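What's in entry_38.txt: compact mmCIF, C-alpha atoms (C1' of nucleotides)
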```txt
# COMPACT_ATOMS: atom_id res chain seq x y z
CA MET A 826 -9.28 -0.19 20.95
CA SER A 827 -8.19 -3.62 19.67
CA LEU A 828 -5.25 -2.32 17.71
CA LYS A 829 -3.58 -1.18 20.95
CA TYR A 830 -3.80 -4.71 22.34
CA GLY A 831 -2.52 -6.29 19.16
CA LEU A 832 0.56 -4.10 19.37
CA LEU A 833 0.91 -4.69 23.12
CA GLY A 834 0.79 -8.42 22.50
CA LEU A 835 3.65 -8.23 20.03
CA LEU A 836 5.62 -5.88 22.30
CA ASN A 837 5.23 -8.45 25.03
CA TYR A 838 7.57 -10.77 23.09
CA GLY A 839 10.36 -8.21 23.48
CA LYS A 840 11.69 -4.75 22.60
CA ILE A 841 10.91 -3.69 19.08
CA THR A 842 10.86 -0.56 16.88
CA GLY A 843 7.76 0.85 15.18
CA TYR A 844 9.11 -0.16 11.83
CA GLU A 845 9.64 -3.78 12.84
CA LEU A 846 6.29 -3.86 14.65
CA ASP A 847 4.62 -2.72 11.47
CA LYS A 848 6.14 -5.62 9.57
CA ALA A 849 5.47 -8.18 12.29
CA PHE A 850 1.88 -6.99 12.50
CA LYS A 851 1.37 -7.35 8.78
CA ASP A 852 2.93 -10.81 8.76
CA SER A 853 1.12 -12.31 11.71
CA LEU A 854 -2.03 -10.48 12.79
CA CYS A 855 -3.16 -9.82 9.23
CA PHE A 856 -5.63 -12.73 9.33
CA PHE A 857 -7.85 -10.90 11.76
CA TRP A 858 -6.73 -7.28 11.92
CA GLN A 859 -5.27 -4.69 9.58
CA ALA A 860 -3.52 -1.41 10.31
CA GLN A 861 -1.77 1.31 8.39
CA THR A 862 1.81 2.21 9.29
CA SER A 863 0.73 5.71 10.29
CA GLN A 864 -1.87 4.27 12.64
CA ILE A 865 0.73 2.11 14.33
CA TYR A 866 3.02 5.07 15.00
CA ARG A 867 0.06 7.01 16.39
CA GLU A 868 -0.92 4.20 18.74
CA LEU A 869 2.68 3.79 19.92
CA ASN A 870 2.71 7.48 20.82
CA GLY A 871 -0.61 7.13 22.58
CA MET A 872 0.46 4.11 24.60
CA GLU A 873 3.69 5.79 25.62
CA ASN A 874 1.60 8.71 26.96
CA LEU A 875 -0.57 6.22 28.84
CA GLY A 876 2.55 4.73 30.41
CA TRP A 877 2.04 1.32 28.81
CA LEU A 878 5.35 1.63 26.94
CA THR A 879 8.72 3.30 27.27
CA SER A 880 11.14 4.06 24.48
CA GLU A 881 14.86 4.47 24.10
CA ILE A 882 16.71 5.82 21.11
CA VAL A 883 19.44 3.64 19.64
CA PHE A 884 21.90 5.82 17.75
CA GLN A 885 23.22 4.53 14.48
CA THR A 886 25.81 6.24 12.36
CA GLU A 887 25.11 4.81 8.91
CA LYS A 888 21.34 4.39 9.18
CA PRO A 889 18.56 6.48 10.79
CA ASN A 890 18.33 6.10 14.57
CA ARG A 891 16.00 3.44 15.90
CA LYS A 892 13.36 4.10 18.54
CA LEU A 893 13.07 0.91 20.56
CA TYR A 894 9.83 0.40 22.49
CA SER A 895 9.49 -1.75 25.61
CA ILE A 896 6.30 -2.76 27.36
CA THR A 897 5.99 -1.57 30.99
CA ASP A 898 4.47 -3.45 33.94
CA SER A 899 1.40 -1.30 33.54
CA GLY A 900 1.21 -2.26 29.88
CA ARG A 901 1.57 -5.93 30.75
CA GLN A 902 -1.27 -5.60 33.24
CA GLU A 903 -3.48 -3.98 30.62
CA LEU A 904 -2.72 -6.80 28.22
CA GLN A 905 -3.51 -9.48 30.79
CA ALA A 906 -6.74 -7.75 31.80
CA TRP A 907 -7.79 -7.57 28.15
CA LEU A 908 -6.93 -11.23 27.54
CA ALA A 909 -8.94 -12.28 30.58
CA GLN A 910 -12.21 -10.60 29.60
CA SER A 911 -14.37 -12.29 27.01
CA SER A 912 -15.75 -10.08 24.27
CA LEU A 913 -18.04 -11.80 21.81
CA ASP A 914 -20.26 -8.81 21.07
CA ASN A 915 -20.11 -7.79 17.42
CA GLU A 916 -17.89 -10.80 16.79
CA PHE A 917 -20.14 -12.14 14.04
CA GLN A 918 -20.77 -8.92 12.18
CA ILE A 919 -19.70 -8.85 8.59
CA ARG A 920 -18.85 -5.87 6.40
CA SER A 921 -18.89 -6.67 2.73
CA VAL A 922 -19.10 -4.22 -0.13
CA PHE A 923 -19.58 -7.12 -2.50
CA LEU A 924 -22.69 -8.40 -0.71
CA MET A 925 -24.09 -4.89 -0.59
CA LYS A 926 -23.81 -4.64 -4.36
CA LEU A 927 -25.37 -8.05 -4.82
CA PHE A 928 -28.22 -6.98 -2.56
CA PHE A 929 -29.05 -4.08 -4.85
CA SER A 930 -28.49 -5.98 -8.10
CA GLY A 931 -32.08 -7.08 -8.67
CA GLY A 932 -32.33 -4.58 -11.52
CA LYS A 933 -29.40 -6.08 -13.42
CA SER A 934 -29.72 -9.12 -15.67
CA VAL A 935 -29.25 -12.55 -14.15
CA GLN A 936 -26.39 -13.10 -16.61
CA GLU A 937 -24.55 -10.02 -15.32
CA ASN A 938 -24.92 -11.14 -11.75
CA ILE A 939 -23.70 -14.64 -12.50
CA SER A 940 -20.59 -13.19 -14.08
CA MET A 941 -20.10 -10.93 -11.05
CA LEU A 942 -20.22 -14.00 -8.83
CA LYS A 943 -17.78 -15.82 -11.08
CA ASP A 944 -15.27 -12.99 -10.67
CA TYR A 945 -15.77 -13.24 -6.93
CA LYS A 946 -15.22 -16.99 -7.03
CA ALA A 947 -12.02 -16.60 -9.05
CA ARG A 948 -10.73 -14.15 -6.45
CA CYS A 949 -11.50 -16.65 -3.70
CA MET A 950 -9.37 -19.22 -5.47
CA ASP A 951 -6.48 -16.74 -5.78
CA GLU A 952 -6.71 -16.01 -2.07
CA LEU A 953 -6.72 -19.71 -1.21
CA ALA A 954 -3.58 -20.19 -3.26
CA ASP A 955 -1.87 -17.31 -1.43
CA LEU A 956 -2.63 -18.94 1.90
CA GLN A 957 -0.32 -21.83 1.15
CA LYS A 958 2.54 -19.44 1.89
CA THR A 959 1.40 -18.57 5.39
CA ASP A 960 2.26 -21.94 6.86
CA ASN A 961 5.87 -21.16 6.05
CA ILE A 962 5.66 -17.76 7.75
CA ILE A 963 4.38 -19.37 10.92
CA GLU A 964 7.08 -22.02 10.79
CA ASN A 965 9.67 -19.24 10.45
CA TYR A 966 8.43 -17.31 13.47
CA SER A 967 8.17 -20.48 15.48
CA GLN A 968 11.81 -21.31 14.84
CA LYS A 969 13.04 -17.73 15.33
CA THR A 970 11.31 -17.26 18.67
CA GLY A 971 11.40 -20.90 19.75
CA LYS A 972 7.86 -20.55 21.10
CA LYS A 973 6.13 -23.75 20.03
CA GLN A 974 3.10 -23.03 22.22
CA ASP A 975 2.42 -19.75 20.44
CA ALA A 976 2.78 -21.36 17.03
CA VAL A 977 -0.18 -23.60 17.85
CA TYR A 978 -2.45 -20.62 18.38
CA TRP A 979 -1.09 -18.79 15.37
CA GLY A 980 -1.88 -21.88 13.33
CA ILE A 981 -5.42 -21.98 14.67
CA THR A 982 -6.09 -18.37 13.73
CA ALA A 983 -4.58 -18.89 10.29
CA ARG A 984 -6.90 -21.86 9.88
CA PHE A 985 -9.83 -19.51 10.43
CA GLY A 986 -8.70 -17.47 7.43
CA GLU A 987 -8.57 -20.62 5.33
CA LEU A 988 -12.04 -21.77 6.39
CA HIS A 989 -13.36 -18.28 5.76
CA ILE A 990 -12.20 -18.14 2.18
CA GLN A 991 -13.34 -21.70 1.54
CA MET A 992 -16.77 -20.68 2.83
CA CYS A 993 -16.83 -17.66 0.50
CA LEU A 994 -16.02 -19.97 -2.38
CA ASP A 995 -18.79 -22.41 -1.42
CA PHE A 996 -21.18 -19.48 -1.13
CA ALA A 997 -20.31 -18.26 -4.62
CA GLU A 998 -20.89 -21.69 -6.14
CA GLU A 999 -24.22 -22.08 -4.41
CA ALA A 1000 -25.36 -18.60 -5.46
CA ILE A 1001 -24.32 -19.19 -9.07
CA LYS A 1002 -26.37 -22.39 -9.13
CA LYS A 1003 -29.36 -20.61 -7.66
CA LEU A 1004 -29.19 -17.87 -10.31
CA GLU A 1005 -28.67 -20.39 -13.10
CA GLY A 1006 -31.88 -22.03 -11.96
CA LEU A 1007 -33.76 -18.76 -12.60
CA GLN A 1008 -32.95 -18.66 -16.31
CA MET B 1003 -18.00 5.35 1.38
CA SER B 1004 -20.15 2.20 1.23
CA LEU B 1005 -22.69 3.44 3.75
CA LYS B 1006 -23.73 6.20 1.34
CA TYR B 1007 -24.51 3.63 -1.35
CA GLY B 1008 -26.40 1.37 1.02
CA LEU B 1009 -28.65 4.29 1.89
CA LEU B 1010 -28.92 5.37 -1.76
CA GLY B 1011 -29.98 1.84 -2.68
CA LEU B 1012 -32.80 1.89 -0.14
CA LEU B 1013 -33.82 5.41 -1.17
CA ASN B 1014 -34.05 4.14 -4.73
CA TYR B 1015 -37.08 2.06 -3.70
CA GLY B 1016 -38.98 5.27 -2.87
CA LYS B 1017 -39.24 8.32 -0.61
CA ILE B 1018 -38.40 7.63 2.99
CA THR B 1019 -37.54 9.45 6.22
CA GLY B 1020 -34.29 9.12 8.14
CA TYR B 1021 -36.07 7.32 10.92
CA GLU B 1022 -37.61 4.73 8.61
CA LEU B 1023 -34.34 4.36 6.70
CA ASP B 1024 -32.61 3.59 9.95
CA LYS B 1025 -35.01 0.78 10.67
CA ALA B 1026 -35.00 -0.57 7.10
CA PHE B 1027 -31.21 -0.53 7.14
CA LYS B 1028 -31.06 -2.46 10.39
CA ASP B 1029 -33.59 -5.02 9.12
CA SER B 1030 -32.13 -5.70 5.71
CA LEU B 1031 -28.51 -4.61 5.24
CA CYS B 1032 -27.48 -5.78 8.70
CA PHE B 1033 -25.99 -9.01 7.31
CA PHE B 1034 -23.17 -7.14 5.65
CA TRP B 1035 -23.13 -3.60 7.00
CA GLN B 1036 -23.89 -1.82 10.26
CA ALA B 1037 -24.52 1.84 10.98
CA GLN B 1038 -25.47 3.97 13.94
CA THR B 1039 -28.58 6.18 13.69
CA SER B 1040 -26.43 9.29 14.10
CA GLN B 1041 -24.26 8.17 11.21
CA ILE B 1042 -27.29 7.74 8.97
CA TYR B 1043 -28.52 11.27 9.67
CA ARG B 1044 -25.03 12.60 8.99
CA GLU B 1045 -24.80 10.79 5.65
CA LEU B 1046 -28.27 11.99 4.62
CA ASN B 1047 -27.12 15.55 5.27
CA GLY B 1048 -23.95 14.96 3.30
CA MET B 1049 -25.74 13.45 0.32
CA GLU B 1050 -28.25 16.29 0.27
CA ASN B 1051 -25.30 18.70 0.07
CA LEU B 1052 -23.85 16.63 -2.78
CA GLY B 1053 -27.18 16.91 -4.62
CA TRP B 1054 -27.83 13.16 -4.52
CA LEU B 1055 -31.00 13.69 -2.48
CA THR B 1056 -33.69 16.28 -1.93
CA SER B 1057 -35.95 16.55 1.09
CA GLU B 1058 -39.39 17.88 1.83
CA ILE B 1059 -40.93 18.43 5.22
CA VAL B 1060 -44.26 16.78 5.88
CA PHE B 1061 -46.04 18.71 8.62
CA GLN B 1062 -47.89 16.69 11.23
CA THR B 1063 -49.94 18.15 14.01
CA GLU B 1064 -49.90 15.39 16.62
CA LYS B 1065 -46.46 13.97 15.92
CA PRO B 1066 -43.09 15.55 15.07
CA ASN B 1067 -42.76 16.63 11.44
CA ARG B 1068 -41.28 14.13 9.03
CA LYS B 1069 -38.40 14.92 6.70
CA LEU B 1070 -38.98 12.86 3.57
CA TYR B 1071 -35.93 12.20 1.39
CA SER B 1072 -36.05 11.46 -2.35
CA ILE B 1073 -33.20 10.31 -4.54
CA THR B 1074 -32.32 12.68 -7.41
CA ASP B 1075 -31.24 11.78 -10.96
CA SER B 1076 -27.71 12.57 -9.96
CA GLY B 1077 -28.05 10.24 -6.99
CA ARG B 1078 -29.44 7.49 -9.20
CA GLN B 1079 -26.47 7.91 -11.54
CA GLU B 1080 -24.05 7.62 -8.63
CA LEU B 1081 -25.76 4.45 -7.49
CA GLN B 1082 -25.65 2.90 -10.96
CA ALA B 1083 -22.01 3.82 -11.41
CA TRP B 1084 -21.18 2.24 -8.07
CA LEU B 1085 -23.13 -0.93 -8.89
CA ALA B 1086 -21.34 -1.24 -12.22
CA GLN B 1087 -17.79 -1.18 -10.87
CA SER B 1088 -16.40 -4.30 -9.29
CA SER B 1089 -14.59 -3.88 -5.99
CA LEU B 1090 -13.10 -7.03 -4.57
CA ASP B 1091 -10.13 -5.39 -2.86
CA ASN B 1092 -10.18 -5.91 0.90
CA GLU B 1093 -13.25 -8.10 0.44
CA PHE B 1094 -11.69 -11.03 2.28
CA GLN B 1095 -10.22 -9.16 5.21
CA ILE B 1096 -11.46 -10.22 8.61
CA ARG B 1097 -11.52 -8.24 11.84
CA SER B 1098 -11.97 -10.37 14.88
CA VAL B 1099 -11.21 -9.43 18.47
CA PHE B 1100 -11.78 -13.03 19.47
CA LEU B 1101 -9.09 -14.36 17.13
CA MET B 1102 -6.68 -11.68 18.32
CA LYS B 1103 -7.14 -12.87 21.89
CA LEU B 1104 -6.69 -16.48 20.86
CA PHE B 1105 -3.51 -15.53 19.04
CA PHE B 1106 -2.00 -14.16 22.23
CA SER B 1107 -3.30 -16.91 24.50
CA GLY B 1108 -0.25 -19.19 24.34
CA GLY B 1109 0.54 -18.22 27.93
CA LYS B 1110 -2.82 -19.37 29.25
CA SER B 1111 -3.58 -23.00 30.12
CA VAL B 1112 -4.96 -25.23 27.40
CA GLN B 1113 -8.01 -25.82 29.62
CA GLU B 1114 -8.76 -22.09 29.76
CA ASN B 1115 -8.50 -21.77 26.02
CA ILE B 1116 -10.77 -24.73 25.42
CA SER B 1117 -13.38 -23.15 27.64
CA MET B 1118 -12.97 -19.85 25.77
CA LEU B 1119 -13.64 -21.69 22.51
CA LYS B 1120 -16.65 -23.41 24.01
CA ASP B 1121 -18.18 -20.03 24.92
CA TYR B 1122 -17.54 -18.93 21.36
CA LYS B 1123 -19.20 -22.05 20.00
CA ALA B 1124 -22.24 -21.55 22.22
CA ARG B 1125 -22.56 -18.01 20.88
CA CYS B 1126 -22.42 -19.33 17.32
CA MET B 1127 -25.34 -21.61 18.05
CA ASP B 1128 -27.34 -18.71 19.51
CA GLU B 1129 -26.67 -16.68 16.37
CA LEU B 1130 -27.72 -19.54 14.12
CA ALA B 1131 -30.99 -19.83 16.03
CA ASP B 1132 -31.64 -16.09 15.58
CA LEU B 1133 -31.17 -16.42 11.84
CA GLN B 1134 -34.30 -18.53 11.54
CA LYS B 1135 -36.26 -15.29 11.98
CA THR B 1136 -34.69 -13.51 9.04
CA ASP B 1137 -36.44 -15.61 6.43
CA ASN B 1138 -39.69 -14.14 7.71
CA ILE B 1139 -38.35 -10.60 7.48
CA ILE B 1140 -37.41 -11.12 3.84
CA GLU B 1141 -40.80 -12.67 3.09
CA ASN B 1142 -42.46 -9.62 4.66
CA TYR B 1143 -40.48 -7.14 2.59
CA SER B 1144 -41.07 -9.17 -0.53
CA GLN B 1145 -44.83 -9.06 -0.06
CA LYS B 1146 -44.89 -5.38 0.99
CA THR B 1147 -42.88 -4.17 -1.98
CA GLY B 1148 -44.01 -6.87 -4.42
CA LYS B 1149 -40.44 -7.10 -5.72
CA LYS B 1150 -39.79 -10.81 -6.11
CA GLN B 1151 -36.57 -10.23 -8.02
CA ASP B 1152 -35.05 -8.28 -5.14
CA ALA B 1153 -36.11 -10.91 -2.62
CA VAL B 1154 -33.91 -13.45 -4.44
CA TYR B 1155 -30.80 -11.34 -3.89
CA TRP B 1156 -31.74 -10.51 -0.34
CA GLY B 1157 -32.05 -14.24 0.27
CA ILE B 1158 -28.63 -14.86 -1.23
CA THR B 1159 -26.96 -12.29 1.01
CA ALA B 1160 -28.78 -13.65 4.06
CA ARG B 1161 -27.50 -17.10 3.12
CA PHE B 1162 -23.96 -15.74 3.36
CA GLY B 1163 -24.63 -14.78 6.97
CA GLU B 1164 -25.81 -18.32 7.67
CA LEU B 1165 -22.79 -19.94 6.03
CA HIS B 1166 -20.52 -17.56 7.89
CA ILE B 1167 -21.82 -18.51 11.31
CA GLN B 1168 -21.86 -22.19 10.42
CA MET B 1169 -18.20 -21.83 9.42
CA CYS B 1170 -17.37 -20.15 12.74
CA LEU B 1171 -19.03 -23.06 14.52
CA ASP B 1172 -17.06 -25.63 12.51
CA PHE B 1173 -13.89 -23.70 13.24
CA ALA B 1174 -14.57 -23.74 16.96
CA GLU B 1175 -15.15 -27.49 16.98
CA GLU B 1176 -11.99 -28.16 15.03
CA ALA B 1177 -9.93 -25.89 17.29
CA ILE B 1178 -11.33 -27.51 20.44
CA LYS B 1179 -10.35 -30.93 19.10
CA LYS B 1180 -6.86 -29.70 18.27
CA LEU B 1181 -6.38 -28.33 21.79
CA GLU B 1182 -7.80 -31.46 23.41
CA GLY B 1183 -5.17 -33.42 21.50
CA LEU B 1184 -2.44 -31.39 23.26
CA GLN B 1185 -3.42 -32.50 26.74
C1' DT C 1231 -45.52 6.10 36.79
C1' DG C 1232 -42.30 4.08 33.85
C1' DG C 1233 -40.94 2.35 29.46
C1' DG C 1234 -41.56 2.09 24.50
C1' DT C 1235 -42.45 4.35 19.96
C1' DC C 1236 -42.35 8.28 16.87
C1' DA C 1237 -38.98 11.66 14.99
C1' DT C 1238 -35.53 14.77 14.90
C1' DG C 1239 -30.82 15.40 15.44
C1' DT C 1240 -25.81 17.52 17.65
C1' DA C 1241 -21.16 17.11 19.84
C1' DA C 1242 -17.24 14.97 21.03
C1' DC C 1243 -14.33 11.55 20.40
C1' DC C 1244 -11.96 7.57 18.47
C1' DT C 1245 -10.35 4.84 14.61
C1' DG C 1246 -8.98 4.17 9.91
C1' DT C 1247 -7.29 5.87 5.31
C1' DT C 1248 -4.53 8.54 2.07
C1' DA C 1249 -1.05 11.35 0.88
C1' DC C 1250 3.12 13.47 1.80
C1' DA C 1251 8.12 14.26 3.64
C1' DT C 1252 13.09 13.04 4.39
C1' DG C 1253 17.43 10.95 3.16
C1' DA C 1254 20.92 7.45 2.90
C1' DT C 1255 22.20 2.73 1.25
C1' DT C 1256 22.02 -1.35 -1.51
C1' DA C 1257 20.70 -4.66 -5.17
C1' DG C 1258 19.42 -5.49 -9.93
C1' DC D 1388 19.64 4.53 -13.11
C1' DT D 1389 15.78 2.89 -10.59
C1' DA D 1390 13.45 0.59 -7.16
C1' DA D 1391 13.55 -1.30 -2.76
C1' DT D 1392 14.87 -1.19 2.09
C1' DC D 1393 15.80 1.06 6.44
C1' DA D 1394 13.48 4.31 9.66
C1' DT D 1395 11.15 8.01 11.17
C1' DG D 1396 6.90 10.20 11.16
C1' DT D 1397 2.89 14.40 10.24
C1' DA D 1398 -1.50 16.31 8.36
C1' DA D 1399 -5.85 16.12 6.70
C1' DC D 1400 -9.78 13.84 6.10
C1' DA D 1401 -13.31 10.11 6.25
C1' DG D 1402 -15.93 6.92 8.78
C1' DG D 1403 -17.64 4.88 13.09
C1' DT D 1404 -19.02 5.06 18.16
C1' DT D 1405 -21.04 6.94 22.37
C1' DA D 1406 -23.56 9.99 24.81
C1' DC D 1407 -26.82 13.47 25.10
C1' DA D 1408 -31.18 16.38 24.01
C1' DT D 1409 -36.23 17.20 23.09
C1' DG D 1410 -41.12 16.24 23.61
C1' DA D 1411 -45.49 14.08 23.05
C1' DC D 1412 -48.21 9.99 22.94
C1' DC D 1413 -49.60 5.28 24.25
C1' DC D 1414 -49.76 1.04 26.81
C1' DA D 1415 -49.41 -1.79 31.01
```

Kindly return the structure encoded in the file as structure tokens.
Amino acid sequence: MSLKYGLLGLLNYGKITGYELDKAFKDSLCFFWQAQTSQIYRELNGMENLGWLTSEIVFQTEKPNRKLYSITDSGRQELQAWLAQSSLDNEFQIRSVFLMKLFFSGGKSVQENISMLKDYKARCMDELADLQKTDNIIENYSQKTGKKQDAVYWGITARFGELHIQMCLDFAEEAIKKLEGLQ
Amino acid sequence: MSLKYGLLGLLNYGKITGYELDKAFKDSLCFFWQAQTSQIYRELNGMENLGWLTSEIVFQTEKPNRKLYSITDSGRQELQAWLAQSSLDNEFQIRSVFLMKLFFSGGKSVQENISMLKDYKARCMDELADLQKTDNIIENYSQKTGKKQDAVYWGITARFGELHIQMCLDFAEEAIKKLEGLQ
DNA sequence: TGGGTCATGTAACCTGTTACATGATTAG
DNA sequence: CTAATCATGTAACAGGTTACATGACCCA
């Protein structure tokens, strides 16, 4: 259900094609939602059937035609209704394959598990380094669209991603220490 | 795919019915994975077809019969193979409906958004309070099964849940301050 | 008399993932 | 010459959610 609203939110900034939406989605909403290209096209179809969107085809001679989507009044209403209702259920649920493995790793040697955690920690540091780039992306969007207000909220959500990875890193260090204490 | 291994891991401790598995899953793996009862029964069926499990029916006169599942050698091999391979891809992806709403809340008043974040913060504190109970659950399991080694890793994964919620709380406070600075 | 526990699931639906298909243009 | 970009998707499958069904027992 949330994917629809993520797309609606982006469509609310203006007319856009599926292809561009896909890129915008992956640049901006990626901190808190992920979607495959095929899923985006499917949702666009679905929302057009619901009457939340309309589309027009822009003919191009040299390149493939573009299918430009616009949000309708009904779509805008849906978006506003969704924004207005709070939804904190399931907000704090985690899904982590790594933690599941750790959970069942009592049979492995402590050494093995420490090295598993060190790999995890190294990955955290890689991710943190990648995040340095995102500030630039936000700055770009902010200047392109001229919406300073939105940039504030984008920055806040990006900050969550940063805190999250920092927390994962802290967790790894703490767990390594705990396991080292067992030896 | 991960749900299968979570169930396999629990089945590796000993024979168990779907009903009991469902409860054990919700007590122990809930920090990093969630599953509906119907999904658990479906996976058990699937793994029996794959030859990872066998089942025997225990007849009861007063109560419904029990279907006891046991892990097979093939299932144990699958579990070990899964435990051995590292899988950190997608590990740091977040899905948060709350953050998505915040992202699109530039049109709302700063006051409204502050109050939204305060609700979120209050929920974090509720969750933190609930976590106090989990230490007891782990202690229970540890004494029932007598597996001290496992209890260490269970504790580590539970700690992740704690750090995660604490991080969400810190995030909320920081974001509230940032928005208050805008007024 | 109503709700909880024990114990099994099925059916339908929605969401997410992976792989495939087309075909032209442009940059290295 | 090869890979990337522009631009559209479809098909099949896997995984997750919601609702429903059965039936007895026990506790307040």

Each residue of chain B lying at most 6 Å from chain A should get a row with its shortest atom-to-atom pair and the distance in Å to one decimal, counting all atoms listed in the file; could you produce that, ordered by chain and increasing number, as a tab-separated table?
```
residue	atom	partner	partner_atom	distance
B:Phe1034	CA	A:Arg920	CA	4.6
B:Trp1035	CA	A:Arg920	CA	4.9
B:Leu1085	CA	A:Lys926	CA	5.9
B:Ile1096	CA	A:Phe857	CA	4.8
B:Arg1097	CA	A:Phe857	CA	4.5
B:Ser1098	CA	A:Phe857	CA	5.2
B:Lys1103	CA	A:Leu908	CA	5.9
B:Phe1105	CA	A:Tyr978	CA	5.2
B:Gly1108	CA	A:Asp975	CA	4.8
B:Gln1151	CA	A:Gly931	CA	5.5
B:Asp1152	CA	A:Gly931	CA	4.8
B:Tyr1155	CA	A:Phe928	CA	5.2
B:Trp1156	CA	A:Phe928	CA	5.5
```

Enumerate as a ChimeraX atom specification the residues belonging to chain C that approach chain A to within 8 Å, with all atoms listed in the file taken into account.
/C:1246-1247,1254

At a cut-off of 12 Å, list the chain D residues touching chain A, using only C-alpha atoms (C1' of nucleotides), as a list in words.
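Close enough to count are DT1392, DC1393, DA1394, DT1395, DG1396, DT1397, DA1398 and DT1404 of chain D.
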
Residues within 10 Å of (-50.6, 2.6, 24.3), file coordinates, counting only C-alpha atoms (C1' of nucleotides): what are they? Give the list as an MDAnalysis selection string.
(chainID C and resid 1234:1235) or (chainID D and resid 1412:1415)

Print the selection's residues with C-alpha atoms (C1' of nucleotides) to a file, as an mmCIF file, in the coordinates of the input.
```
data_model
loop_
_atom_site.group_PDB
_atom_site.id
_atom_site.type_symbol
_atom_site.label_atom_id
_atom_site.label_comp_id
_atom_site.auth_asym_id
_atom_site.auth_seq_id
_atom_site.Cartn_x
_atom_site.Cartn_y
_atom_site.Cartn_z
ATOM 1 C "C1'" DG C 1234 -41.560 2.090 24.500
ATOM 2 C "C1'" DT C 1235 -42.450 4.350 19.960
ATOM 3 C "C1'" DC D 1412 -48.210 9.990 22.940
ATOM 4 C "C1'" DC D 1413 -49.600 5.280 24.250
ATOM 5 C "C1'" DC D 1414 -49.760 1.040 26.810
ATOM 6 C "C1'" DA D 1415 -49.410 -1.790 31.010
#
```

From (-11.9, 10.4, 17.6), in the file's coordinates, out to 10 Å: which residues are reached, counting all atoms listed in the file? Answer as a list in words.
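Checked against the point, the hits come out as DA1242, DC1243, DC1244 and DT1245 of chain C; DG1403 and DT1404 of chain D.
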
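From atom CA of B:Arg1078 back to atom C1' of C:DT1248, the distance works out to 27.4 Å.
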
Would you mind reading off the distance between atom CA of B:Leu1171 and atom CA of A:Leu956, one decimal, in Å?
21.1 Å

Could you work out how far atom CA of B:Tyr1071 lies from atom CA of B:Leu1013, giving the answer in Å with one decimal?
7.6 Å
